[in-house]
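Notes follow the structure.
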Amino acid sequence: MLQVRRYPDARAFLARSEAWLLESEVERAGVLSSARHALTNEARYEKPTYWATIEDDGQIIGCAYRTPPYRVGVTALPTAALAPLALDLEQTYKAVSGFSGIDPAASALADVWIARHGGSSSIVSRQFLLALPDTPPDTSATAGVLRLATQDDSARAQSWGTDAARETGVAALDGPLCVRLIGARQLYFWQDTEPRCMLGLLHQTPRTAALAIVYTPPAERSQGYASAAVAALSTELLARGVNKRYLYIDPANAGGHAFWRKLGCELVHAAVDIDFH
């Protein structure tokens with residue numbers, strides 16, 4: 001029987017759900033990272049917070065959370081879970097700022113909420129999570145090598161990150177983030193005499209890695225640098241035993257579609273951020 005189980009705080013929620021979340025840690029990274037951040041200081045958020053698992057015969061099939069004033073976040077959910085979850089949320093909130101997470105669940109929940117409470121919504125952003133292939137394409141014809149960024153690259157990382165954020169409209173993936181990724185050993189450059197392309201891993205563990213920043217300055221585009229860099233990084237990660245490797249892209253970027261098809265990526269899921277008005 002399907003049931004929504006609510007928890008008083010992030011600690012209790014993680015005690016129940018963390019093992020399940022870690023089974024697909026990139027796909028469920030939004031919930032996992034939010035719960036872990038709240039674990040250190042849940043008092044930073046407005047009250048009440050919301051932590052819930054959706055279970056079927058005692059087995060977790062999805063999760064939902066909210067750390068106000070931010071949106072309600074959801075993992076992938078079956079259609080049968082939408083109404084029970086919406087009803088449970090109503091017991092905690094008279095209004096929410098929006099929904100975020102895996103589609104079609106996030107969009108469907110937004111529709112259910114507006115149907116019951118009125119108002120309107122707008123899509124702030126969409127995102128595709130793609131799986132990189134186990135056998136990267138042959139890009140040996142492209143001149144250059146992949147290298148890890150160093151502190152000497154900080155100014156370039158700051159500048160290119162700022163340009164990338166401006167182009168994509170994803171403000172969080174900006175210059176300061178790229179500089180921080182240098183210290184975490186998660187920023188790379190494709191070097192052909194000079195740096196030609198920049199890659200940034202947003203998530204990295206011994207088992208998984210997710211690439212969120214792929215930026216080539218306009219003057220260096222259409223020369224295969226990005227494809228070569230991603231293929232080289234994927235090969236390096238495989239050699240380290242990182243068997244799950246992912247790429248985030250903006251589905252509105254027409255060039256991005258051609259790029260991930262050339263790499264042989266497969267769609268894992270679509271995600272969406274929706275604001276209410």
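Every chain in the structure tokens has a letter given in the order shown (A, B, ...), and although residue numbers restart at 1 in each chain, ligands are simply numbered from 1 in the order shown.
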Worksheet entry | strand (DSSP E or B) residues, from DSSP on the backbone, in range 34-208 of chain A, as number ranges by chain | A: 50-56, 59-66, 72-74, 98-102, 121-131, 145-148, 187-192, 194-204, 208
Select from range 61-169 of chain A every residue with an atom at most 9 Å from any atom of range 51-55 of chain A, then for each give the shortest pair of atoms and their distance in Å to one decimal, using only C-alpha atoms, rows by chain and rising number, as a Markdown table.
| residue | atom | partner | partner_atom | distance |
| --- | --- | --- | --- | --- |
| A:Ile61 | CA | A:Glu55 | CA | 5.4 |
| A:Gly62 | CA | A:Ile54 | CA | 5.0 |
| A:Cys63 | CA | A:Thr53 | CA | 4.4 |
| A:Ala64 | CA | A:Ala52 | CA | 5.3 |
| A:Tyr65 | CA | A:Trp51 | CA | 4.5 |
| A:Arg66 | CA | A:Trp51 | CA | 6.7 |
| A:Thr67 | CA | A:Trp51 | CA | 8.8 |
| A:Leu77 | CA | A:Ile54 | CA | 8.4 |
| A:Ala81 | CA | A:Ile54 | CA | 7.2 |
| A:Leu85 | CA | A:Ile54 | CA | 7.8 |
Worksheet entry | Close residues, Arg240 in chain A itself excluded, 12 Å, only C-alpha atoms, min 3 positions apart in chain, as a VMD selection string | chain A and resid 204 to 209 233 to 237 243 to 245
Writer output for current selection, N, CA, C and O atoms, as an mmCIF file, in the first residue's frame:
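What ended up in result-v3.cif:
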data_model
loop_
_atom_site.group_PDB
_atom_site.id
_atom_site.type_symbol
_atom_site.label_atom_id
_atom_site.label_comp_id
_atom_site.auth_asym_id
_atom_site.auth_seq_id
_atom_site.Cartn_x
_atom_site.Cartn_y
_atom_site.Cartn_z
ATOM 1 N N GLN A 204 31.483 14.516 -7.619
ATOM 2 C CA GLN A 204 32.489 13.475 -7.808
ATOM 3 C C GLN A 204 32.644 12.653 -6.545
ATOM 4 O O GLN A 204 32.865 13.192 -5.459
ATOM 5 N N THR A 205 32.495 11.352 -6.669
ATOM 6 C CA THR A 205 32.733 10.401 -5.586
ATOM 7 C C THR A 205 33.562 9.258 -6.181
ATOM 8 O O THR A 205 33.803 9.231 -7.393
ATOM 9 N N PRO A 206 33.999 8.297 -5.366
ATOM 10 C CA PRO A 206 34.741 7.166 -5.938
ATOM 11 C C PRO A 206 33.944 6.363 -6.961
ATOM 12 O O PRO A 206 34.532 5.677 -7.808
ATOM 13 N N ARG A 207 32.606 6.457 -6.925
ATOM 14 C CA ARG A 207 31.772 5.659 -7.831
ATOM 15 C C ARG A 207 31.171 6.450 -8.973
ATOM 16 O O ARG A 207 30.878 5.906 -10.033
ATOM 17 N N THR A 208 30.928 7.758 -8.761
ATOM 18 C CA THR A 208 30.173 8.538 -9.736
ATOM 19 C C THR A 208 30.796 9.913 -9.959
ATOM 20 O O THR A 208 31.518 10.438 -9.106
ATOM 21 N N ALA A 209 30.489 10.474 -11.117
ATOM 22 C CA ALA A 209 30.921 11.836 -11.427
ATOM 23 C C ALA A 209 29.901 12.454 -12.365
ATOM 24 O O ALA A 209 29.348 11.770 -13.231
ATOM 25 N N LEU A 233 38.209 12.930 -20.456
ATOM 26 C CA LEU A 233 37.864 12.899 -19.036
ATOM 27 C C LEU A 233 37.092 11.636 -18.696
ATOM 28 O O LEU A 233 37.336 11.004 -17.656
ATOM 29 N N SER A 234 36.170 11.246 -19.562
ATOM 30 C CA SER A 234 35.405 10.028 -19.328
ATOM 31 C C SER A 234 36.326 8.814 -19.265
ATOM 32 O O SER A 234 36.179 7.939 -18.397
ATOM 33 N N THR A 235 37.308 8.753 -20.168
ATOM 34 C CA THR A 235 38.276 7.655 -20.167
ATOM 35 C C THR A 235 39.105 7.648 -18.889
ATOM 36 O O THR A 235 39.353 6.595 -18.291
ATOM 37 N N GLU A 236 39.520 8.836 -18.434
ATOM 38 C CA GLU A 236 40.298 8.943 -17.202
ATOM 39 C C GLU A 236 39.485 8.483 -15.993
ATOM 40 O O GLU A 236 39.987 7.773 -15.117
ATOM 41 N N LEU A 237 38.226 8.899 -15.939
ATOM 42 C CA LEU A 237 37.369 8.503 -14.821
ATOM 43 C C LEU A 237 37.145 6.992 -14.811
ATOM 44 O O LEU A 237 37.163 6.355 -13.757
ATOM 45 N N ASN A 243 32.498 4.252 -12.496
ATOM 46 C CA ASN A 243 31.715 3.557 -13.525
ATOM 47 C C ASN A 243 30.464 4.312 -13.966
ATOM 48 O O ASN A 243 29.931 4.038 -15.037
ATOM 49 N N LYS A 244 29.992 5.244 -13.139
ATOM 50 C CA LYS A 244 28.820 6.033 -13.512
ATOM 51 C C LYS A 244 29.267 7.462 -13.768
ATOM 52 O O LYS A 244 29.690 8.166 -12.857
ATOM 53 N N ARG A 245 29.151 7.881 -15.021
ATOM 54 C CA ARG A 245 29.616 9.198 -15.427
ATOM 55 C C ARG A 245 28.500 9.908 -16.173
ATOM 56 O O ARG A 245 27.914 9.347 -17.103
#
Discussion item. Considering only C-alpha atoms, can you say which of A:Ala19, A:Ala10, A:Met198, A:Ala184 comes closest to Glu42 in chain A?
Written reply: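 Nearest candidate to Glu42 in chain A out of A:Ala19, A:Ala10, A:Met198, A:Ala184: A:Ala10.
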Name the residues of range 55-115 of chain A that come out as alpha helix (DSSP H) in a backbone DSSP run; write them as a short mmCIF file (atom, residue, chain, number, x, y, z; two decimals) with all heavy atoms, in the first residue's frame.
data_model
loop_
_atom_site.label_atom_id
_atom_site.label_comp_id
_atom_site.auth_asym_id
_atom_site.auth_seq_id
_atom_site.Cartn_x
_atom_site.Cartn_y
_atom_site.Cartn_z
N LEU A 82 1.26 11.12 -6.68
CA LEU A 82 1.11 12.56 -6.77
C LEU A 82 0.02 13.10 -5.85
O LEU A 82 0.24 14.05 -5.10
CB LEU A 82 0.83 12.97 -8.22
CG LEU A 82 1.89 12.54 -9.25
CD1 LEU A 82 1.50 13.02 -10.63
CD2 LEU A 82 3.27 13.08 -8.86
N ALA A 83 -1.17 12.52 -5.91
CA ALA A 83 -2.27 13.02 -5.09
C ALA A 83 -1.99 12.85 -3.60
O ALA A 83 -2.17 13.81 -2.82
CB ALA A 83 -3.57 12.33 -5.49
N PRO A 84 -1.54 11.68 -3.13
CA PRO A 84 -1.23 11.55 -1.70
C PRO A 84 -0.16 12.52 -1.22
O PRO A 84 -0.25 13.08 -0.14
CB PRO A 84 -0.76 10.10 -1.57
CG PRO A 84 -1.37 9.38 -2.71
CD PRO A 84 -1.41 10.38 -3.83
N LEU A 85 0.86 12.76 -2.07
CA LEU A 85 1.91 13.70 -1.68
C LEU A 85 1.38 15.12 -1.62
O LEU A 85 1.68 15.86 -0.67
CB LEU A 85 3.08 13.60 -2.66
CG LEU A 85 4.24 14.58 -2.41
CD1 LEU A 85 4.80 14.42 -1.00
CD2 LEU A 85 5.35 14.35 -3.44
N ALA A 86 0.59 15.53 -2.60
CA ALA A 86 0.01 16.88 -2.59
C ALA A 86 -0.85 17.08 -1.35
O ALA A 86 -0.79 18.14 -0.70
CB ALA A 86 -0.80 17.11 -3.85
N LEU A 87 -1.65 16.10 -0.98
CA LEU A 87 -2.50 16.20 0.20
C LEU A 87 -1.66 16.30 1.47
O LEU A 87 -1.99 17.04 2.40
CB LEU A 87 -3.44 15.00 0.28
CG LEU A 87 -4.55 14.96 -0.78
CD1 LEU A 87 -5.29 13.63 -0.74
CD2 LEU A 87 -5.53 16.12 -0.58
N ASP A 88 -0.55 15.55 1.52
CA ASP A 88 0.30 15.61 2.70
C ASP A 88 1.00 16.96 2.80
O ASP A 88 1.13 17.52 3.91
CB ASP A 88 1.33 14.48 2.66
CG ASP A 88 2.01 14.29 4.00
OD1 ASP A 88 1.36 13.76 4.92
OD2 ASP A 88 3.19 14.69 4.14
N LEU A 89 1.44 17.51 1.66
CA LEU A 89 2.05 18.83 1.68
C LEU A 89 1.09 19.89 2.19
O LEU A 89 1.48 20.83 2.89
CB LEU A 89 2.53 19.20 0.27
CG LEU A 89 3.85 18.59 -0.18
CD1 LEU A 89 4.00 18.70 -1.70
CD2 LEU A 89 5.03 19.27 0.51
N GLU A 90 -0.19 19.74 1.84
CA GLU A 90 -1.20 20.70 2.27
C GLU A 90 -1.37 20.72 3.78
O GLU A 90 -1.84 21.72 4.35
CB GLU A 90 -2.54 20.38 1.60
CG GLU A 90 -2.58 20.70 0.13
CD GLU A 90 -3.89 20.29 -0.51
OE1 GLU A 90 -4.76 19.74 0.20
OE2 GLU A 90 -4.05 20.50 -1.73
N ALA A 105 7.17 14.11 -12.74
CA ALA A 105 6.58 14.25 -11.41
C ALA A 105 6.50 15.71 -10.97
O ALA A 105 5.46 16.17 -10.46
CB ALA A 105 7.37 13.44 -10.39
N ALA A 106 7.59 16.49 -11.13
CA ALA A 106 7.60 17.87 -10.65
C ALA A 106 6.55 18.72 -11.35
O ALA A 106 5.81 19.48 -10.72
CB ALA A 106 8.99 18.48 -10.83
N SER A 107 6.46 18.61 -12.68
CA SER A 107 5.46 19.38 -13.43
C SER A 107 4.04 18.96 -13.07
O SER A 107 3.14 19.80 -12.93
CB SER A 107 5.68 19.20 -14.93
OG SER A 107 6.89 19.81 -15.33
N ALA A 108 3.83 17.65 -12.91
CA ALA A 108 2.49 17.17 -12.56
C ALA A 108 2.07 17.64 -11.18
O ALA A 108 0.91 18.03 -10.97
CB ALA A 108 2.45 15.64 -12.64
N LEU A 109 2.99 17.64 -10.23
CA LEU A 109 2.67 18.14 -8.89
C LEU A 109 2.35 19.62 -8.90
O LEU A 109 1.45 20.09 -8.20
CB LEU A 109 3.84 17.86 -7.93
CG LEU A 109 3.87 16.47 -7.31
CD1 LEU A 109 5.23 16.20 -6.69
CD2 LEU A 109 2.77 16.31 -6.27
N ALA A 110 3.09 20.38 -9.71
CA ALA A 110 2.79 21.81 -9.85
C ALA A 110 1.38 22.01 -10.38
O ALA A 110 0.64 22.88 -9.90
CB ALA A 110 3.82 22.48 -10.75
N ASP A 111 0.98 21.21 -11.36
CA ASP A 111 -0.36 21.31 -11.93
C ASP A 111 -1.42 20.96 -10.89
O ASP A 111 -2.46 21.63 -10.80
CB ASP A 111 -0.50 20.40 -13.14
CG ASP A 111 0.32 20.86 -14.33
OD1 ASP A 111 0.72 22.04 -14.35
OD2 ASP A 111 0.56 20.04 -15.24
N VAL A 112 -1.16 19.93 -10.10
CA VAL A 112 -2.11 19.52 -9.06
C VAL A 112 -2.26 20.63 -8.03
O VAL A 112 -3.39 20.97 -7.61
CB VAL A 112 -1.64 18.21 -8.38
CG1 VAL A 112 -2.46 17.93 -7.12
CG2 VAL A 112 -1.74 17.04 -9.35
N TRP A 113 -1.15 21.23 -7.63
CA TRP A 113 -1.20 22.28 -6.60
C TRP A 113 -1.98 23.49 -7.10
O TRP A 113 -2.83 24.04 -6.38
CB TRP A 113 0.22 22.68 -6.20
CG TRP A 113 0.24 23.58 -4.99
CD1 TRP A 113 0.11 24.94 -4.97
CD2 TRP A 113 0.34 23.17 -3.63
NE1 TRP A 113 0.15 25.41 -3.69
CE2 TRP A 113 0.29 24.34 -2.83
CE3 TRP A 113 0.49 21.93 -3.01
CZ2 TRP A 113 0.39 24.30 -1.45
CZ3 TRP A 113 0.59 21.89 -1.63
CH2 TRP A 113 0.53 23.06 -0.86
N ILE A 114 -1.72 23.93 -8.34
CA ILE A 114 -2.42 25.09 -8.89
C ILE A 114 -3.91 24.79 -9.06
O ILE A 114 -4.76 25.65 -8.81
CB ILE A 114 -1.78 25.52 -10.21
CG1 ILE A 114 -0.42 26.17 -9.93
CG2 ILE A 114 -2.67 26.48 -10.99
CD1 ILE A 114 0.35 26.55 -11.17
N ALA A 115 -4.25 23.57 -9.46
CA ALA A 115 -5.66 23.20 -9.61
C ALA A 115 -6.40 23.29 -8.29
O ALA A 115 -7.58 23.65 -8.25
CB ALA A 115 -5.77 21.79 -10.18
#
